[in-house]
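Shown here: entry-v1.tsv, TSV, C-alpha atoms.
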```tsv
chain	number	residue	atom	x	y	z
A	72	MET	CA	-153.76	120.26	-36.37
A	73	TRP	CA	-152.80	117.47	-33.97
A	74	LEU	CA	-150.30	116.15	-36.49
A	75	GLY	CA	-148.77	119.62	-36.62
A	76	PHE	CA	-148.52	119.60	-32.84
A	77	VAL	CA	-146.70	116.24	-32.84
A	78	GLU	CA	-144.43	117.18	-35.73
A	79	SER	CA	-143.46	120.44	-34.01
A	80	LEU	CA	-142.29	118.41	-31.01
A	81	VAL	CA	-140.30	116.09	-33.26
A	82	SER	CA	-138.80	119.09	-35.05
A	83	SER	CA	-137.76	120.65	-31.73
A	84	LEU	CA	-136.02	117.43	-30.69
A	85	LYS	CA	-134.20	117.22	-34.00
A	86	CYS	CA	-133.01	120.82	-33.65
A	87	ALA	CA	-131.85	120.21	-30.08
A	88	SER	CA	-129.91	117.11	-31.18
A	89	GLY	CA	-127.48	119.45	-32.92
A	90	LEU	CA	-126.56	121.33	-29.77
A	91	PRO	CA	-122.99	120.76	-28.50
A	92	LEU	CA	-122.26	118.05	-25.97
A	93	GLY	CA	-119.68	118.07	-23.20
A	94	PRO	CA	-117.56	117.86	-21.29
A	95	ALA	CA	-116.56	121.50	-21.45
A	96	LYS	CA	-114.17	123.29	-19.13
A	97	TYR	CA	-115.75	125.37	-16.36
A	98	SER	CA	-114.46	126.69	-13.10
A	99	THR	CA	-115.32	124.29	-10.27
A	100	PRO	CA	-117.46	125.83	-7.50
A	101	LYS	CA	-115.83	126.00	-4.09
A	102	SER	CA	-117.49	125.76	-0.71
A	103	GLU	CA	-118.03	128.97	1.22
A	104	ARG	CA	-116.91	128.33	4.79
A	105	ARG	CA	-117.27	131.79	6.26
A	106	GLY	CA	-120.25	133.53	7.78
A	107	ARG	CA	-123.56	132.05	8.78
A	108	ARG	CA	-123.95	128.33	8.20
A	109	ARG	CA	-126.08	127.55	5.21
A	110	VAL	CA	-128.49	124.67	4.77
A	111	THR	CA	-126.62	121.81	3.11
A	112	VAL	CA	-128.18	119.47	0.57
A	113	LEU	CA	-126.30	116.22	-0.08
A	114	ILE	CA	-127.09	114.24	-3.22
A	115	CYS	CA	-126.14	110.55	-3.13
A	116	SER	CA	-125.87	109.94	-6.88
A	117	PRO	CA	-125.70	106.31	-8.05
A	118	HIS	CA	-124.13	107.32	-11.37
A	119	PRO	CA	-122.56	110.37	-12.93
A	120	ASP	CA	-125.50	112.33	-14.44
A	121	ASP	CA	-127.99	111.56	-11.62
A	122	GLU	CA	-127.06	114.88	-10.00
A	123	ALA	CA	-128.77	116.60	-12.94
A	124	LEU	CA	-131.48	114.05	-13.74
A	125	VAL	CA	-133.12	114.28	-10.28
A	126	GLY	CA	-131.53	117.49	-9.01
A	127	GLY	CA	-134.38	119.95	-9.52
A	128	PHE	CA	-134.93	120.38	-5.77
A	129	ALA	CA	-131.21	120.85	-5.12
A	130	LEU	CA	-130.88	123.45	-7.87
A	131	ARG	CA	-133.83	125.42	-6.54
A	132	ALA	CA	-132.44	125.20	-3.00
A	133	LEU	CA	-129.11	126.58	-4.19
A	134	ARG	CA	-130.61	129.42	-6.21
A	135	GLU	CA	-133.49	130.39	-3.96
A	136	CYS	CA	-132.25	129.51	-0.46
A	137	ASN	CA	-128.52	130.01	-0.92
A	138	ALA	CA	-128.13	126.37	0.08
A	139	ARG	CA	-124.85	124.55	-0.23
A	140	VAL	CA	-125.24	121.53	-2.52
A	141	VAL	CA	-122.74	118.68	-2.36
A	142	ASN	CA	-123.02	115.95	-4.97
A	143	CYS	CA	-121.58	112.63	-3.77
A	144	ALA	CA	-120.75	110.43	-6.76
A	145	ILE	CA	-121.28	106.95	-5.33
A	146	THR	CA	-119.93	105.36	-8.53
A	147	LEU	CA	-118.26	106.53	-11.73
A	148	GLY	CA	-120.11	103.96	-13.80
A	149	ALA	CA	-119.47	100.29	-14.38
A	150	ASP	CA	-117.01	100.49	-17.29
A	151	PRO	CA	-113.42	100.80	-15.96
A	152	LYS	CA	-112.29	102.32	-19.27
A	153	ARG	CA	-114.84	105.12	-18.96
A	154	LYS	CA	-114.32	106.11	-15.32
A	155	LYS	CA	-111.83	108.93	-15.94
A	156	GLY	CA	-113.86	110.19	-18.85
A	157	ARG	CA	-117.03	110.12	-16.80
A	158	LEU	CA	-115.25	111.96	-14.01
A	159	ASN	CA	-114.41	114.80	-16.41
A	160	GLU	CA	-118.03	114.89	-17.55
A	161	LEU	CA	-119.22	114.89	-13.96
A	162	ARG	CA	-116.97	117.77	-13.01
A	163	ALA	CA	-118.32	119.80	-15.92
A	164	SER	CA	-121.93	118.99	-14.97
A	165	CYS	CA	-121.42	120.02	-11.34
A	166	ALA	CA	-119.75	123.23	-12.47
A	167	VAL	CA	-122.77	124.08	-14.66
A	168	LEU	CA	-125.12	123.61	-11.70
A	169	GLY	CA	-122.88	125.13	-9.02
A	170	PHE	CA	-122.71	121.88	-7.02
A	171	GLU	CA	-119.67	120.76	-5.04
A	172	LEU	CA	-118.37	117.31	-5.95
A	173	LYS	CA	-117.18	114.62	-3.54
A	174	ILE	CA	-116.16	111.07	-4.48
A	175	PRO	CA	-116.07	108.56	-1.60
A	176	GLY	CA	-112.57	107.17	-1.14
A	177	TRP	CA	-111.01	109.56	-3.63
A	178	PRO	CA	-108.27	109.47	-4.92
A	179	LYS	CA	-107.57	105.83	-4.02
A	180	LYS	CA	-110.98	104.70	-5.26
A	181	LEU	CA	-112.85	105.62	-8.43
A	182	GLY	CA	-116.27	105.01	-6.94
A	183	LEU	CA	-117.79	102.30	-4.75
A	184	ASP	CA	-119.24	98.88	-5.52
A	185	VAL	CA	-122.78	99.15	-4.18
A	186	GLU	CA	-124.61	96.33	-5.92
A	187	PRO	CA	-127.23	95.13	-3.39
A	188	GLN	CA	-125.74	91.61	-3.18
A	189	VAL	CA	-122.42	93.03	-1.93
A	190	ALA	CA	-123.91	93.75	1.51
A	191	LYS	CA	-124.42	89.99	2.03
A	192	SER	CA	-121.70	88.44	-0.11
A	193	ASN	CA	-118.88	90.73	0.99
A	194	PRO	CA	-119.63	92.34	4.38
A	195	GLN	CA	-116.08	93.69	4.66
A	196	LEU	CA	-116.41	95.59	1.39
A	197	TRP	CA	-119.82	96.87	2.46
A	198	ARG	CA	-118.39	98.17	5.72
A	199	SER	CA	-115.70	99.90	3.67
A	200	ASN	CA	-118.45	101.49	1.56
A	201	GLN	CA	-120.15	102.70	4.73
A	202	ALA	CA	-116.91	104.19	6.05
A	203	HIS	CA	-116.23	106.06	2.80
A	204	LEU	CA	-119.74	107.48	2.61
A	205	LYS	CA	-119.64	108.31	6.31
A	206	SER	CA	-116.61	110.53	5.64
A	207	VAL	CA	-118.65	112.44	3.04
A	208	PHE	CA	-121.48	112.94	5.54
A	209	GLU	CA	-119.00	114.20	8.11
A	210	TYR	CA	-117.57	116.61	5.53
A	211	ALA	CA	-120.90	117.91	4.26
A	212	LYS	CA	-122.92	117.82	7.51
A	213	PRO	CA	-126.16	117.59	5.52
A	214	ASP	CA	-129.56	118.88	6.50
A	215	VAL	CA	-131.25	117.30	3.46
A	216	VAL	CA	-130.15	114.06	1.77
A	217	LEU	CA	-131.31	112.97	-1.70
A	218	MET	CA	-131.09	109.30	-2.70
A	219	PRO	CA	-132.91	106.91	-5.05
A	220	HIS	CA	-135.96	105.13	-3.66
A	221	ALA	CA	-135.62	101.47	-2.75
A	222	GLY	CA	-137.36	100.17	-5.88
A	223	ASP	CA	-135.74	102.35	-8.55
A	224	PHE	CA	-135.15	99.30	-10.81
A	225	HIS	CA	-131.40	99.67	-11.45
A	226	ASN	CA	-129.25	97.64	-9.03
A	227	THR	CA	-126.85	100.52	-8.45
A	228	HIS	CA	-129.79	102.75	-7.55
A	229	LYS	CA	-131.15	100.13	-5.15
A	230	GLY	CA	-127.74	99.64	-3.55
A	231	THR	CA	-127.21	103.37	-3.23
A	232	HIS	CA	-130.54	103.66	-1.41
A	233	GLN	CA	-129.58	100.95	1.07
A	234	LEU	CA	-126.12	102.40	1.72
A	235	ALA	CA	-127.31	106.00	2.02
A	236	VAL	CA	-130.10	105.13	4.47
A	237	GLU	CA	-127.73	103.10	6.65
A	238	VAL	CA	-125.19	105.93	6.80
A	239	ALA	CA	-127.87	108.59	7.31
A	240	VAL	CA	-129.29	106.65	10.27
A	241	GLU	CA	-125.85	106.35	11.86
A	242	TYR	CA	-125.11	110.01	11.16
A	243	SER	CA	-128.33	111.12	12.85
A	244	ARG	CA	-127.49	109.04	15.94
A	245	ARG	CA	-124.20	110.88	16.34
A	246	ILE	CA	-125.78	114.34	15.90
A	247	ARG	CA	-128.31	114.21	18.72
A	248	ASP	CA	-131.73	115.79	18.12
A	249	LYS	CA	-130.81	116.95	14.62
A	250	ARG	CA	-133.62	116.27	12.15
A	251	VAL	CA	-132.28	115.22	8.75
A	252	LEU	CA	-134.70	115.34	5.84
A	253	LEU	CA	-134.57	112.45	3.36
A	254	LEU	CA	-135.79	113.01	-0.19
A	255	GLU	CA	-136.12	109.79	-2.15
A	256	THR	CA	-135.84	110.30	-5.90
A	257	GLU	CA	-137.10	108.36	-8.90
A	258	TYR	CA	-135.71	107.90	-12.38
A	259	TRP	CA	-135.88	104.31	-13.58
A	260	HIS	CA	-139.11	103.38	-11.81
A	261	PRO	CA	-141.86	105.58	-10.38
A	262	MET	CA	-142.45	105.65	-6.64
A	263	GLU	CA	-145.79	104.38	-5.41
A	264	LYS	CA	-146.32	107.12	-2.86
A	265	PRO	CA	-144.44	110.35	-3.52
A	266	ASN	CA	-145.56	113.16	-1.23
A	267	LEU	CA	-143.65	116.15	-2.60
A	268	MET	CA	-143.90	117.78	-6.00
A	269	VAL	CA	-141.38	120.51	-6.78
A	270	GLY	CA	-142.19	122.63	-9.82
A	271	ILE	CA	-139.26	123.61	-12.03
A	272	THR	CA	-139.04	126.73	-14.18
A	273	SER	CA	-138.05	126.60	-17.84
A	274	PRO	CA	-134.64	128.27	-17.15
A	275	ASP	CA	-133.90	125.69	-14.44
A	276	VAL	CA	-134.95	122.84	-16.74
A	277	ALA	CA	-132.60	124.25	-19.38
A	278	ALA	CA	-129.76	124.36	-16.83
A	279	LEU	CA	-130.42	120.75	-15.84
A	280	ILE	CA	-130.45	119.62	-19.48
A	281	MET	CA	-127.24	121.53	-20.12
A	282	ALA	CA	-125.67	119.71	-17.18
A	283	VAL	CA	-126.86	116.31	-18.45
A	284	ALA	CA	-125.44	117.17	-21.89
A	285	GLU	CA	-122.00	117.53	-20.27
A	286	HIS	CA	-122.13	113.73	-19.94
A	287	GLY	CA	-121.41	113.55	-23.65
A	288	GLY	CA	-120.09	110.01	-23.75
A	289	GLU	CA	-123.38	108.75	-22.33
A	290	VAL	CA	-125.92	110.85	-24.19
A	291	ARG	CA	-124.26	110.14	-27.53
A	292	ARG	CA	-125.33	106.50	-27.17
A	293	ASN	CA	-128.74	107.40	-25.73
A	294	PRO	CA	-129.94	111.03	-26.03
A	295	TYR	CA	-131.89	110.98	-22.78
A	296	HIS	CA	-131.06	114.65	-22.20
A	297	LEU	CA	-133.44	115.53	-25.06
A	298	ARG	CA	-136.27	113.52	-23.51
A	299	HIS	CA	-135.75	114.92	-20.04
A	300	PRO	CA	-138.35	117.73	-20.41
A	301	ALA	CA	-140.99	115.17	-21.43
A	302	ARG	CA	-140.28	113.15	-18.29
A	303	MET	CA	-140.66	116.23	-16.11
A	304	MET	CA	-143.90	117.14	-17.89
A	305	ASP	CA	-145.24	113.65	-17.21
A	306	ASN	CA	-144.37	114.11	-13.54
A	307	VAL	CA	-146.94	116.92	-13.42
A	308	ARG	CA	-149.60	114.74	-15.05
A	309	ARG	CA	-148.96	111.74	-12.82
A	310	GLY	CA	-147.97	113.53	-9.63
A	311	SER	CA	-151.02	115.76	-9.53
A	312	GLU	CA	-153.27	112.77	-8.92
A	313	VAL	CA	-150.85	110.43	-7.15
A	314	ILE	CA	-150.10	113.08	-4.54
A	315	LYS	CA	-153.43	114.89	-4.24
A	316	GLY	CA	-155.74	111.95	-4.95
A	317	GLU	CA	-157.49	110.29	-7.85
A	318	GLY	CA	-159.48	112.71	-9.96
A	319	ALA	CA	-157.63	115.81	-8.75
A	320	SER	CA	-157.00	118.58	-11.25
A	321	ALA	CA	-153.56	118.77	-12.79
A	322	GLU	CA	-151.24	121.54	-11.64
A	323	ALA	CA	-150.98	124.42	-14.10
A	324	PHE	CA	-147.18	124.51	-14.34
A	325	MET	CA	-145.26	122.56	-16.97
A	326	PHE	CA	-142.32	120.79	-15.28
A	327	ALA	CA	-141.78	119.08	-11.92
A	328	GLU	CA	-139.80	116.51	-9.97
A	329	LEU	CA	-141.43	114.06	-7.56
A	330	TYR	CA	-139.90	113.03	-4.24
A	331	ARG	CA	-140.84	111.05	-1.15
A	332	LEU	CA	-140.07	113.04	1.96
A	333	SER	CA	-139.27	111.51	5.35
A	334	SER	CA	-137.02	112.49	8.25
A	335	ILE	CA	-134.51	110.88	10.59
A	336	THR	CA	-133.85	112.02	14.16
A	337	ASN	CA	-131.63	110.13	16.61
A	338	GLY	CA	-131.54	107.19	14.21
A	339	ALA	CA	-135.33	106.84	13.93
A	340	GLU	CA	-136.98	107.42	10.55
A	341	LYS	CA	-140.35	109.16	10.53
A	342	ASN	CA	-142.86	109.37	7.71
A	343	THR	CA	-145.61	111.91	7.31
A	344	PRO	CA	-149.18	111.53	6.00
A	345	LYS	CA	-149.00	115.13	4.75
A	346	TRP	CA	-148.04	116.14	1.23
A	347	LYS	CA	-146.83	119.32	-0.38
A	348	ILE	CA	-146.71	120.88	-3.83
A	349	ILE	CA	-144.30	123.76	-4.45
A	350	PRO	CA	-145.08	125.59	-7.71
A	351	PRO	CA	-142.11	126.98	-9.63
A	352	ASP	CA	-143.23	130.58	-9.07
A	353	ARG	CA	-143.46	130.16	-5.29
A	354	PRO	CA	-140.18	130.59	-3.38
A	355	LEU	CA	-138.78	127.36	-1.99
A	356	ASN	CA	-138.84	127.33	1.81
A	357	ILE	CA	-137.03	124.35	3.29
A	358	GLY	CA	-138.36	125.25	6.75
A	359	GLU	CA	-141.88	124.44	5.53
A	360	LEU	CA	-140.77	120.86	4.85
A	361	TYR	CA	-139.79	120.40	8.48
A	362	GLN	CA	-143.27	121.56	9.47
A	363	LEU	CA	-144.78	118.54	7.70
A	364	PHE	CA	-143.51	116.44	10.63
A	365	ASP	CA	-144.84	118.66	13.44
```
Could you quickly redo this structure as C-alpha cells?
Amino acid sequence: MWLGFVESLVSSLKCASGLPLGPAKYSTPKSERRGRRRVTVLICSPHPDDEALVGGFALRALRECNARVVNCAITLGADPKRKKGRLNELRASCAVLGFELKIPGWPKKLGLDVEPQVAKSNPQLWRSNQAHLKSVFEYAKPDVVLMPHAGDFHNTHKGTHQLAVEVAVEYSRRIRDKRVLLLETEYWHPMEKPNLMVGITSPDVAALIMAVAEHGGEVRRNPYHLRHPARMMDNVRRGSEVIKGEGASAEAFMFAELYRLSSITNGAEKNTPKWKIIPPDRPLNIGELYQLFD
C-alpha cells in the first residue's frame, strides 16, 4: 500500500512533466491609479521566477485584499545571452499572477549586479544599485516589502537582502511615521526563526506553478516547478513546530509559505516575539500583521 502511495506521486509528476512550458503571450496587468489607495506589496526578486516561488503571500494579498503587487526584478539572471529570454519569461509569469513588473534601471540596464562583495569592492556601483532600487520604491510606495532572508545560500539572494534592507531603511526615513512591513522569504536555505505561516489553497498553488512554468528555459534544465508543491507541503510540516514550538501539532492544511515578519518605522527596524498562522480558508487581513507590533 505504501509503495502504491509513492508510485502514485511519481506517476503524477510524470504526467505533469508533459504539461506545456512558457513563455506564452498574456496581457500585462496595469496599475490602477484611480480611487482609494490600495495596499502595495513590493517583491524584491533576486532572479526571474522568485516572484512565483515565494509569492504565495503576495498572490493572496492581491486576490483577497485587492492589493497592488509590484514585482521588482533585481536581476535577469547571470547569463548575458539569456537575459532577454528570461525577461520574456518573467513578463509572462507576472501576467499569469497579475503582478506589475519593474526592472531597476530599465531600459539602460538589464538588471543589477548585487553580489555581496560588490558593496565593498565597488562602492560606486553599489550606490548606483541603491539609486535604481530607490526609484522603484518611490514608484511603488510599498506598505509591505518581500525579500530573501540574509542567509538564503545563493549570493544573489544574500545581496538582494542587503540592498533591499538598506533602501527600505532609507525609504522609511523619508516617509515619517509610516510603518513598512518586511517579509523575509526563504527558498535555498530555511530560516531559523520564521514567525509567519501563510496557508495556500490548491488553486493558488496551481497558479504559482503555472507562473513558474512560464520560465521555460530554466525549468527545462531543472523541473523545479514540478517539485514546488512538495516544498510547500514540507513548509507545513516544518513550520508547524518551528513557529509554534517543538512538539506542536501540524496544521491541517496542505500547502504554506514561511516568512519572517519585521517592521521599519523612521529608519528603525523592529522585530516581534509574536507569531501568526493564517490558514488558507481564513481571509488574509494585512491589518492584523501590523497588530503584531502593538
Nearby residues (all atoms listed in the file) at most 10 Å from Met262 (chain A), same-chain spacing under 5 positions excluded, as a tab-separated table (two decimals) with C-alpha atoms, in the frame of the given file:
```tsv
chain	number	residue	atom	x	y	z
A	219	PRO	CA	-132.91	106.91	-5.05
A	220	HIS	CA	-135.96	105.13	-3.66
A	221	ALA	CA	-135.62	101.47	-2.75
A	222	GLY	CA	-137.36	100.17	-5.88
A	223	ASP	CA	-135.74	102.35	-8.55
A	255	GLU	CA	-136.12	109.79	-2.15
A	256	THR	CA	-135.84	110.30	-5.90
A	257	GLU	CA	-137.10	108.36	-8.90
A	313	VAL	CA	-150.85	110.43	-7.15
A	329	LEU	CA	-141.43	114.06	-7.56
A	330	TYR	CA	-139.90	113.03	-4.24
A	331	ARG	CA	-140.84	111.05	-1.15
```
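CA of Gly126 (chain A) is found 21.7 Å from CA of Ala149 (chain A).
Rounded to one decimal, CA of Thr111 (chain A) and CA of Pro213 (chain A) lie 4.9 Å from each other.
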Residue nearest Tyr242 (chain A) among A:Phe324, A:Tyr210, A:Phe128, A:Tyr295 (counting all atoms listed in the file): A:Tyr210
Protein, DNA and RNA residues within 8 Å of (-137.0, 118.7, 14.4), all atoms listed in the file, as an MDAnalysis selection string: chainID A and resid 248:250 336 361 364:365
Those residues with C-alpha atoms, as a PDB file, in the frame of the given file please?
```pdb
ATOM      1  CA  ASP A 248    -131.730 115.790  18.120  1.00  0.00           C
ATOM      2  CA  LYS A 249    -130.810 116.950  14.620  1.00  0.00           C
ATOM      3  CA  ARG A 250    -133.620 116.270  12.150  1.00  0.00           C
ATOM      4  CA  THR A 336    -133.850 112.020  14.160  1.00  0.00           C
ATOM      5  CA  TYR A 361    -139.790 120.400   8.480  1.00  0.00           C
ATOM      6  CA  PHE A 364    -143.510 116.440  10.630  1.00  0.00           C
ATOM      7  CA  ASP A 365    -144.840 118.660  13.440  1.00  0.00           C
TER       8      ASP A 365
END
```
Give the centre and edge lengths of an axis-aligned box, in Å to one decimal, that holds all listed atoms of region 72-85 of chain A with 5 Å on each side, as JSON.
```
{"center_x": -144.0, "center_y": 118.4, "center_z": -33.7, "size_x": 29.6, "size_y": 14.6, "size_z": 15.9}
```
Point-to-point distance in Å for CA of Asp150 (chain A) and CA of Gln188 (chain A): 18.8 Å
Sort by chain and increasing residue number a table of all residues of region 179-260 of chain A within 12 Å of region 342-352 of chain A, each with its closest pair of atoms and their distance in Å to one decimal, counting all atoms listed in the file, and write it as CSV.
```
residue,atom,partner,partner_atom,distance
A:Leu252,CA,A:Asn342,CA,10.3
A:Leu253,CA,A:Asn342,CA,9.9
A:Leu254,CA,A:Asn342,CA,11.2
A:Glu255,CA,A:Asn342,CA,12.0
```
Given all atoms listed in the file as the counted atoms, nearest of A:Leu113, A:Leu181, A:Cys136, A:Ala129 to Glu209 (chain A): A:Leu113
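Excluding Ala321 (chain A) itself and any same-chain residue fewer than 5 positions from it, the protein and nucleic acid residues within 8 Å of it, counting all atoms listed in the file, are Val307, Arg308, Ser311 and Glu312 of chain A.
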Residue nearest Gly169 (chain A) among A:Ala282, A:Met303, A:Leu80, A:Val215 (counting all atoms listed in the file): A:Ala282
For Pro91 (chain A): contacts at 8 Å, only C-alpha atoms, fewer than 2 positions along chain excluded, given as JSON, numbers by chain: {"A": [89, 93, 284]}
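Look at Ala339 (chain A): the protein and nucleic acid residues within 9 Å of it, using all atoms listed in the file and passing over chain neighbours fewer than 4 places away, are Val240, Ser243, Arg244, Ser334 and Ile335 of chain A.
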Kindly export the residues of the current selection with C-alpha atoms, as a compact mmCIF listing (two decimals), in the frame of the given file.
```
# COMPACT_ATOMS: atom_id res chain seq x y z
CA VAL A 240 -129.29 106.65 10.27
CA SER A 243 -128.33 111.12 12.85
CA ARG A 244 -127.49 109.04 15.94
CA SER A 334 -137.02 112.49 8.25
CA ILE A 335 -134.51 110.88 10.59
```
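Minimum distance to Pro117 (chain A) across A:Pro294, A:Gly148, A:Pro187, A:Gly156 (counting all atoms listed in the file) occurs at A:Gly148.
Between Ala95 (chain A) and the residues A:Ala132, A:Ala166, A:Val112, A:Cys143, the shortest atom-to-atom distance, using all atoms listed in the file, involves A:Ala166.
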Given only C-alpha atoms as the counted atoms, nearest of A:Leu355, A:Leu297, A:Leu168, A:Phe326 to Val81 (chain A): A:Leu297
Residue list as a ChimeraX atom specification for point (-135.7, 118.4, -10.0), cut-off 7 Å, only C-alpha atoms: /A:125-128,269,271,327-328
